[in-house]
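Q: One file is attached below, input39.tsv, containing TSV, C-alpha atoms.
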chain	number	residue	atom	x	y	z
A	1	MET	CA	33.58	42.11	68.13
A	2	THR	CA	30.90	39.44	67.87
A	3	HIS	CA	27.67	40.27	69.67
A	4	GLY	CA	24.94	37.93	70.83
A	5	LEU	CA	21.25	38.55	71.19
A	6	PHE	CA	21.28	42.01	72.76
A	7	ARG	CA	17.84	43.48	73.25
A	8	PRO	CA	17.46	47.20	72.57
A	9	GLY	CA	16.03	49.56	75.15
A	10	LEU	CA	17.09	47.56	78.17
A	11	CYS	CA	18.31	48.97	81.44
A	12	ARG	CA	21.77	47.56	81.49
A	13	SER	CA	23.72	49.68	83.95
A	14	GLY	CA	21.73	49.26	87.12
A	15	VAL	CA	19.95	46.74	89.25
A	16	ARG	CA	16.50	46.95	90.68
A	17	ARG	CA	16.61	47.84	94.35
A	18	LEU	CA	13.01	48.82	94.91
A	19	GLY	CA	10.86	46.03	96.27
A	20	VAL	CA	12.08	42.71	97.49
A	21	TRP	CA	12.18	39.83	95.06
A	22	ALA	CA	12.71	36.23	95.66
A	23	MET	CA	15.39	33.64	95.21
A	24	ALA	CA	15.06	29.99	94.36
A	25	ALA	CA	17.18	27.14	95.66
A	26	MET	CA	17.20	23.42	96.34
A	27	VAL	CA	17.53	23.01	100.11
A	28	CYS	CA	16.98	20.41	102.76
A	29	VAL	CA	14.21	21.29	105.19
A	30	ALA	CA	13.42	19.64	108.49
A	31	SER	CA	9.70	18.96	108.83
A	32	ALA	CA	7.70	16.73	111.21
A	33	GLY	CA	10.91	15.27	112.54
A	34	LEU	CA	12.03	14.20	109.08
A	35	VAL	CA	14.66	15.73	106.80
A	36	ALA	CA	13.87	15.74	103.11
A	37	GLY	CA	15.28	17.44	100.02
A	38	LEU	CA	12.65	19.89	98.89
A	39	THR	CA	12.26	22.39	96.09
A	40	VAL	CA	11.99	25.84	97.56
A	41	GLY	CA	10.69	28.96	95.85
A	42	LEU	CA	10.65	32.44	97.29
A	43	THR	CA	7.77	34.66	96.25
A	44	ALA	CA	7.88	38.42	96.15
A	45	MET	CA	6.62	40.30	99.18
A	46	PRO	CA	6.62	44.02	99.83
A	47	ALA	CA	9.07	45.73	102.14
A	48	GLN	CA	11.24	43.40	104.19
A	49	ALA	CA	9.32	40.15	104.26
A	50	MET	CA	9.54	37.22	101.88
A	51	THR	CA	7.73	33.93	101.98
A	52	GLU	CA	9.24	30.59	101.12
A	53	ARG	CA	7.21	27.63	99.89
A	54	TYR	CA	8.25	23.99	100.02
A	55	PHE	CA	6.58	20.65	99.45
A	56	ASP	CA	6.24	18.55	102.59
A	57	PRO	CA	6.32	14.84	101.63
A	58	THR	CA	4.82	13.88	104.98
A	59	THR	CA	1.58	15.80	104.51
A	60	ARG	CA	1.89	15.80	100.72
A	61	SER	CA	1.11	19.49	100.64
A	62	TRP	CA	2.82	22.81	100.02
A	63	GLN	CA	3.82	24.69	103.15
A	64	THR	CA	4.67	28.40	103.50
A	65	TYR	CA	6.85	30.22	106.00
A	66	ARG	CA	8.47	33.63	106.20
A	67	ILE	CA	12.12	34.35	105.62
A	68	THR	CA	13.94	37.67	105.95
A	69	PRO	CA	16.31	39.02	103.29
A	70	GLU	CA	19.12	38.57	105.82
A	71	ALA	CA	18.30	34.88	106.24
A	72	ALA	CA	17.99	34.48	102.49
A	73	GLY	CA	21.42	36.09	102.10
A	74	LYS	CA	22.93	33.49	104.45
A	75	VAL	CA	21.44	30.71	102.34
A	76	VAL	CA	22.96	32.31	99.24
A	77	ARG	CA	26.41	32.45	100.83
A	78	GLN	CA	26.27	28.75	101.60
A	79	LYS	CA	24.96	27.61	98.23
A	80	TYR	CA	27.01	29.96	96.06
A	81	LYS	CA	30.24	30.01	98.02
A	82	ARG	CA	33.22	31.00	95.89
A	83	THR	CA	35.33	27.95	95.13
A	84	SER	CA	37.97	26.54	92.77
A	85	VAL	CA	36.66	23.78	90.51
A	86	ARG	CA	37.78	21.60	87.64
A	87	TYR	CA	36.50	23.19	84.45
A	88	ARG	CA	37.25	22.16	80.88
A	89	THR	CA	36.95	24.86	78.24
A	90	GLU	CA	38.66	25.99	75.06
A	91	LYS	CA	38.75	29.56	76.41
A	92	ALA	CA	42.14	30.90	77.43
A	93	PRO	CA	43.11	31.40	81.07
A	94	GLY	CA	42.02	34.84	82.20
A	95	SER	CA	38.72	34.59	80.33
A	96	ILE	CA	35.28	34.82	81.96
A	97	ILE	CA	32.38	32.48	81.19
A	98	VAL	CA	28.92	33.39	82.48
A	99	ASP	CA	26.47	30.49	82.75
A	100	THR	CA	23.12	32.25	83.04
A	101	ARG	CA	21.13	29.02	83.31
A	102	ASP	CA	23.03	27.60	86.28
A	103	ARG	CA	23.74	31.07	87.77
A	104	TYR	CA	27.52	30.71	87.88
A	105	LEU	CA	30.42	32.79	86.59
A	106	TYR	CA	33.73	31.08	85.89
A	107	TYR	CA	37.12	32.76	85.82
A	108	VAL	CA	39.29	30.42	83.77
A	109	LEU	CA	42.59	29.26	85.27
A	110	PRO	CA	45.37	27.17	83.69
A	111	GLY	CA	45.21	23.39	83.92
A	112	ASN	CA	41.48	22.89	83.32
A	113	LYS	CA	40.51	24.78	86.46
A	114	ALA	CA	38.43	27.82	87.24
A	115	VAL	CA	37.21	29.98	90.11
A	116	ARG	CA	33.42	29.65	90.33
A	117	TYR	CA	31.19	32.43	91.67
A	118	GLY	CA	27.44	32.63	92.20
A	119	ILE	CA	25.63	35.31	90.21
A	120	GLY	CA	22.28	36.95	89.61
A	121	VAL	CA	21.15	37.47	86.02
A	122	GLY	CA	18.60	39.34	83.90
A	123	ARG	CA	14.96	38.62	84.59
A	124	GLU	CA	12.50	37.46	81.93
A	125	GLY	CA	12.58	39.82	78.97
A	126	PHE	CA	16.06	41.07	79.88
A	127	GLU	CA	18.11	37.98	79.09
A	128	TRP	CA	21.01	38.21	76.65
A	129	LYS	CA	23.86	36.14	75.30
A	130	GLY	CA	27.03	37.12	73.51
A	131	VAL	CA	30.77	37.64	73.56
A	132	GLU	CA	32.36	40.86	74.78
A	133	LYS	CA	35.59	42.14	76.28
A	134	VAL	CA	36.21	43.93	79.54
A	135	THR	CA	36.79	47.52	78.45
A	136	ARG	CA	36.99	49.20	81.84
A	137	LYS	CA	37.15	48.44	85.54
A	138	ALA	CA	35.90	50.64	88.37
A	139	LYS	CA	35.96	50.64	92.16
A	140	TRP	CA	32.75	51.76	93.86
A	141	PRO	CA	31.21	52.80	90.52
A	142	SER	CA	28.56	55.46	90.19
A	143	TRP	CA	25.15	54.63	88.71
A	144	THR	CA	23.34	56.51	85.96
A	145	PRO	CA	20.11	54.67	85.08
A	146	PRO	CA	19.31	54.78	81.35
A	147	GLN	CA	16.34	56.95	80.42
A	148	GLU	CA	14.29	53.93	79.37
A	149	MET	CA	14.65	52.45	82.84
A	150	ILE	CA	13.65	55.73	84.49
A	151	VAL	CA	10.52	55.90	82.31
A	152	ARG	CA	9.69	52.23	82.82
A	153	GLU	CA	9.99	52.41	86.60
A	154	ARG	CA	8.09	55.71	86.78
A	155	LYS	CA	5.11	53.98	85.17
A	156	LYS	CA	5.22	51.55	88.07
A	157	GLY	CA	5.20	54.40	90.59
A	158	ARG	CA	8.91	54.20	91.37
A	159	ASN	CA	11.14	57.26	90.96
A	160	LEU	CA	14.78	56.46	90.28
A	161	PRO	CA	17.60	58.97	90.71
A	162	ARG	CA	19.22	60.23	87.53
A	163	PHE	CA	22.61	59.79	89.14
A	164	MET	CA	23.93	58.07	92.26
A	165	PRO	CA	27.57	58.36	93.39
A	166	GLY	CA	29.48	55.22	94.26
A	167	GLY	CA	29.31	53.85	97.78
A	168	PRO	CA	27.84	51.09	99.96
A	169	ASN	CA	24.26	52.13	99.15
A	170	ASN	CA	24.80	52.17	95.40
A	171	PRO	CA	23.16	49.20	93.60
A	172	MET	CA	26.29	48.75	91.48
A	173	GLY	CA	28.14	47.51	94.54
A	174	ALA	CA	31.86	47.55	95.28
A	175	ARG	CA	33.29	46.90	91.81
A	176	ALA	CA	32.20	46.89	88.18
A	177	LEU	CA	33.56	45.40	84.98
A	178	TYR	CA	32.29	47.19	81.86
A	179	LEU	CA	31.53	44.99	78.86
A	180	GLY	CA	32.43	46.26	75.40
A	181	ALA	CA	30.44	49.23	74.11
A	182	THR	CA	27.27	47.95	75.80
A	183	GLU	CA	25.81	49.27	79.02
A	184	TYR	CA	25.95	45.83	80.60
A	185	ARG	CA	28.15	45.34	83.65
A	186	ILE	CA	29.42	42.60	85.89
A	187	HIS	CA	29.07	44.30	89.25
A	188	GLY	CA	28.49	43.85	92.95
A	189	THR	CA	25.26	44.17	94.87
A	190	ASN	CA	24.09	45.08	98.36
A	191	GLU	CA	21.15	42.67	97.97
A	192	ASP	CA	22.77	39.33	98.77
A	193	TRP	CA	19.48	37.45	98.55
A	194	SER	CA	19.29	38.15	94.79
A	195	ILE	CA	22.25	35.94	93.91
A	196	GLY	CA	21.03	32.82	92.14
A	197	ARG	CA	17.95	34.62	90.81
A	198	ALA	CA	16.93	36.26	87.56
A	199	VAL	CA	15.99	39.71	88.88
A	200	SER	CA	18.26	42.28	87.21
A	201	SER	CA	17.72	44.38	84.09
A	202	GLY	CA	20.46	42.57	82.21
A	203	CYS	CA	23.57	43.13	84.31
A	204	ILE	CA	25.40	40.24	85.98
A	205	ARG	CA	25.50	40.80	89.73
A	206	MET	CA	27.75	39.22	92.31
A	207	LEU	CA	28.31	39.36	96.05
A	208	ASN	CA	30.52	42.35	96.82
A	209	GLU	CA	33.33	40.20	98.21
A	210	ASP	CA	33.19	38.03	95.10
A	211	VAL	CA	33.28	40.89	92.61
A	212	GLU	CA	36.22	42.36	94.53
A	213	ASP	CA	38.05	39.04	94.13
A	214	LEU	CA	37.17	38.84	90.42
A	215	TYR	CA	38.21	42.47	89.92
A	216	SER	CA	41.66	41.70	91.33
A	217	ARG	CA	42.12	38.85	88.83
A	218	VAL	CA	40.65	40.20	85.59
A	219	ARG	CA	42.58	42.38	83.16
A	220	VAL	CA	41.09	44.97	80.82
A	221	GLY	CA	40.70	43.21	77.47
A	222	ALA	CA	39.68	39.87	78.98
A	223	LEU	CA	37.17	37.90	76.93
A	224	VAL	CA	33.69	37.49	78.47
A	225	THR	CA	31.32	34.85	77.12
A	226	VAL	CA	27.70	34.99	78.29
A	227	LYS	CA	25.69	31.88	77.49
Using the file provided, produce a representation of the structure as C-alpha cells.
A:
Amino acid sequence: MTHGLFRPGLCRSGVRRLGVWAMAAMVCVASAGLVAGLTVGLTAMPAQAMTERYFDPTTRSWQTYRITPEAAGKVVRQKYKRTSVRYRTEKAPGSIIVDTRDRYLYYVLPGNKAVRYGIGVGREGFEWKGVEKVTRKAKWPSWTPPQEMIVRERKKGRNLPRFMPGGPNNPMGARALYLGATEYRIHGTNEDWSIGRAVSSGCIRMLNEDVEDLYSRVRVGALVTVK
C-alpha cells in the first residue's frame, strides 16, 4: 500500500465536538436593497452563537451579523447538496477521490461520471494526503479517541470520554469507512455546519444522509485517494 504524508500523533478517529467552529462559503447577501456576491467567513464563537462577516460594496466596509448553527447547516445543505456530475478520472468505477482543497468527495461511476458529496476535512496541522483502501465499514460506529487527542484536549480544559458507544450523539455519525491500517475514517457528523470547513483532526466528515448513501455504494477494498 502506498501512503501519503501521514502525520504521526494525530487524532484520526474522532471529530471535535466541543466548541462551535465556523464555516466559510461564497454566498449572495441582500444589503441596502442590493444583492451582491460576497465572501463570507464564519468566526468561532462559544456555545451556540456564530458570527458571519461579509463585505458590503455599498458602504465599502465589513459587516457582521449572527448566525445559528442550525442556519449554517441549512446553508451547507444548499451549497453541498449531493449530486451526480461529469467527472473524468483514470480511477476505476467504485473508487473514492477526496478533494480536500475544494471540500468534495467523489464516488466514481462508469462513463466519466461521479456522485459528488460535500465534506469537512482536517484543520491546519492535521492535513494529510495519500492512497488507502476501505478495510472495514460500520453502522453507527463507536468512538475511542486516541490517547494523544485526550491529552491534547485536556490541556485546553476539555475532557473527552475514553469511549463512546455508537448513536445519534456520537461524533462519528451514522456510518464510517475505515481507511487501511490508519486511524483515519470517512464518517458522518451531527454538526452539519462543519461541512465545507477544515475543522476535524484528520478524518473526512460528511452529512449523515450522505455517508449513509456512500456506505450503500462502497465495497470493502475500494481504493480511496486523498489529495
Q: Could you check which of A:Leu105, A:Val121, A:Val199, A:Val218 is closest to Ala138 in chain A, using only C-alpha atoms?
A: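 Selected residue with least distance to Ala138 in chain A: A:Val218.
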Q: Using only C-alpha atoms for the distances, tell me which of A:Tyr107, A:Trp62, A:Trp143, A:Trp128 is nearest to Gly167 in chain A.
A: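 Counting only C-alpha atoms, the residue closest to Gly167 in chain A is A:Trp143.
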Q: Which residue gives the smallest distance to Glu127 in chain A among A:Lys227, A:Lys74, A:Arg60, A:Arg88, with all atoms listed in the file counted?
A: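 Counting all atoms listed in the file, the residue closest to Glu127 in chain A is A:Lys227.
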Q: Please provide the set of residues having any atom within 12 Å of Arg217 in chain A, restricted to all atoms listed in the file, with same-chain residues fewer than 6 positions apart removed, written as JSON, numbers by chain.
A: {"A": [93, 94, 95, 96, 106, 107, 108, 109, 114, 115, 137, 177, 210, 211]}
Q: Ala174 in chain A: which residues within 7 Å, counting only C-alpha atoms, same-chain residues fewer than 3 positions away excluded, as a CSV table (one decimal) with C-alpha atoms, in the coordinates of the input?
A:
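Saved file selection-v6.csv follows:
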chain,number,residue,atom,x,y,z
A,139,LYS,CA,36.0,50.6,92.2
A,140,TRP,CA,32.8,51.8,93.9
A,188,GLY,CA,28.5,43.8,93.0
A,208,ASN,CA,30.5,42.4,96.8
A,212,GLU,CA,36.2,42.4,94.5
Q: My list of candidates is A:Gly111, A:Gly157, A:Pro145, A:Gly118. Which is closest to Thr89 in chain A when distances are computed with all atoms listed in the file?
A: A:Gly111
Q: So which one's closest to Val98 in chain A, A:Arg77, A:Lys129, A:Arg136, A:Arg162? Using only C-alpha atoms, please.
A: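 Smallest distance to Val98 in chain A is found for A:Lys129.
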Q: Pop range 90-118 of chain A out of the structure in the block and write N, CA and C atoms as a CSV table (one decimal), in the first residue's frame.
A:
chain,number,residue,atom,x,y,z
A,90,GLU,N,-8.8,8.7,-14.1
A,90,GLU,CA,-8.3,7.4,-14.5
A,90,GLU,C,-8.6,6.3,-13.5
A,91,LYS,N,-9.2,6.7,-12.4
A,91,LYS,CA,-9.6,5.8,-11.3
A,91,LYS,C,-10.8,4.9,-11.7
A,92,ALA,N,-10.8,3.7,-11.3
A,92,ALA,CA,-11.9,2.8,-11.7
A,92,ALA,C,-13.2,3.1,-11.0
A,93,PRO,N,-14.3,2.8,-11.7
A,93,PRO,CA,-15.6,2.9,-11.0
A,93,PRO,C,-15.6,2.2,-9.7
A,94,GLY,N,-16.2,2.8,-8.7
A,94,GLY,CA,-16.2,2.2,-7.4
A,94,GLY,C,-15.2,2.8,-6.5
A,95,SER,N,-14.2,3.6,-7.0
A,95,SER,CA,-13.2,4.3,-6.3
A,95,SER,C,-13.7,5.6,-5.6
A,96,ILE,N,-13.0,6.1,-4.6
A,96,ILE,CA,-13.3,7.3,-4.0
A,96,ILE,C,-12.2,8.3,-4.1
A,97,ILE,N,-12.5,9.5,-4.5
A,97,ILE,CA,-11.5,10.6,-4.6
A,97,ILE,C,-11.9,11.7,-3.7
A,98,VAL,N,-11.0,12.1,-2.8
A,98,VAL,CA,-11.3,13.1,-1.8
A,98,VAL,C,-10.5,14.4,-2.2
A,99,ASP,N,-11.2,15.4,-2.5
A,99,ASP,CA,-10.6,16.7,-2.9
A,99,ASP,C,-10.6,17.6,-1.7
A,100,THR,N,-9.5,17.6,-0.9
A,100,THR,CA,-9.5,18.4,0.3
A,100,THR,C,-9.5,19.9,0.1
A,101,ARG,N,-9.0,20.3,-1.0
A,101,ARG,CA,-9.0,21.8,-1.3
A,101,ARG,C,-10.4,22.3,-1.5
A,102,ASP,N,-11.1,21.6,-2.4
A,102,ASP,CA,-12.4,22.1,-2.8
A,102,ASP,C,-13.5,21.6,-1.9
A,103,ARG,N,-13.2,20.7,-0.9
A,103,ARG,CA,-14.1,20.1,0.1
A,103,ARG,C,-15.2,19.3,-0.6
A,104,TYR,N,-14.8,18.4,-1.5
A,104,TYR,CA,-15.7,17.5,-2.1
A,104,TYR,C,-15.1,16.1,-2.1
A,105,LEU,N,-16.0,15.1,-2.0
A,105,LEU,CA,-15.7,13.7,-2.2
A,105,LEU,C,-16.4,13.2,-3.4
A,106,TYR,N,-15.7,12.4,-4.2
A,106,TYR,CA,-16.3,11.9,-5.4
A,106,TYR,C,-16.3,10.3,-5.4
A,107,TYR,N,-17.5,9.8,-5.6
A,107,TYR,CA,-17.6,8.3,-5.8
A,107,TYR,C,-17.7,8.1,-7.3
A,108,VAL,N,-16.7,7.4,-7.8
A,108,VAL,CA,-16.6,7.3,-9.3
A,108,VAL,C,-17.6,6.3,-9.9
A,109,LEU,N,-18.3,6.7,-10.9
A,109,LEU,CA,-19.2,5.9,-11.6
A,109,LEU,C,-18.7,5.6,-13.0
A,110,PRO,N,-19.3,4.7,-13.7
A,110,PRO,CA,-18.9,4.4,-15.1
A,110,PRO,C,-19.2,5.6,-16.0
A,111,GLY,N,-18.6,5.7,-17.2
A,111,GLY,CA,-19.0,6.7,-18.1
A,111,GLY,C,-18.6,8.1,-17.8
A,112,ASN,N,-17.4,8.3,-17.1
A,112,ASN,CA,-17.0,9.7,-16.8
A,112,ASN,C,-18.0,10.4,-15.9
A,113,LYS,N,-18.5,9.7,-15.0
A,113,LYS,CA,-19.5,10.4,-14.0
A,113,LYS,C,-19.1,10.0,-12.6
A,114,ALA,N,-19.7,10.8,-11.7
A,114,ALA,CA,-19.4,10.5,-10.3
A,114,ALA,C,-20.5,11.1,-9.4
A,115,VAL,N,-20.7,10.6,-8.2
A,115,VAL,CA,-21.6,11.2,-7.2
A,115,VAL,C,-20.7,12.1,-6.4
A,116,ARG,N,-21.1,13.4,-6.3
A,116,ARG,CA,-20.3,14.4,-5.5
A,116,ARG,C,-21.0,14.7,-4.2
A,117,TYR,N,-20.1,14.7,-3.1
A,117,TYR,CA,-20.6,15.0,-1.8
A,117,TYR,C,-19.8,16.1,-1.2
A,118,GLY,N,-20.4,16.9,-0.4
A,118,GLY,CA,-19.7,17.9,0.4
A,118,GLY,C,-19.0,17.2,1.6
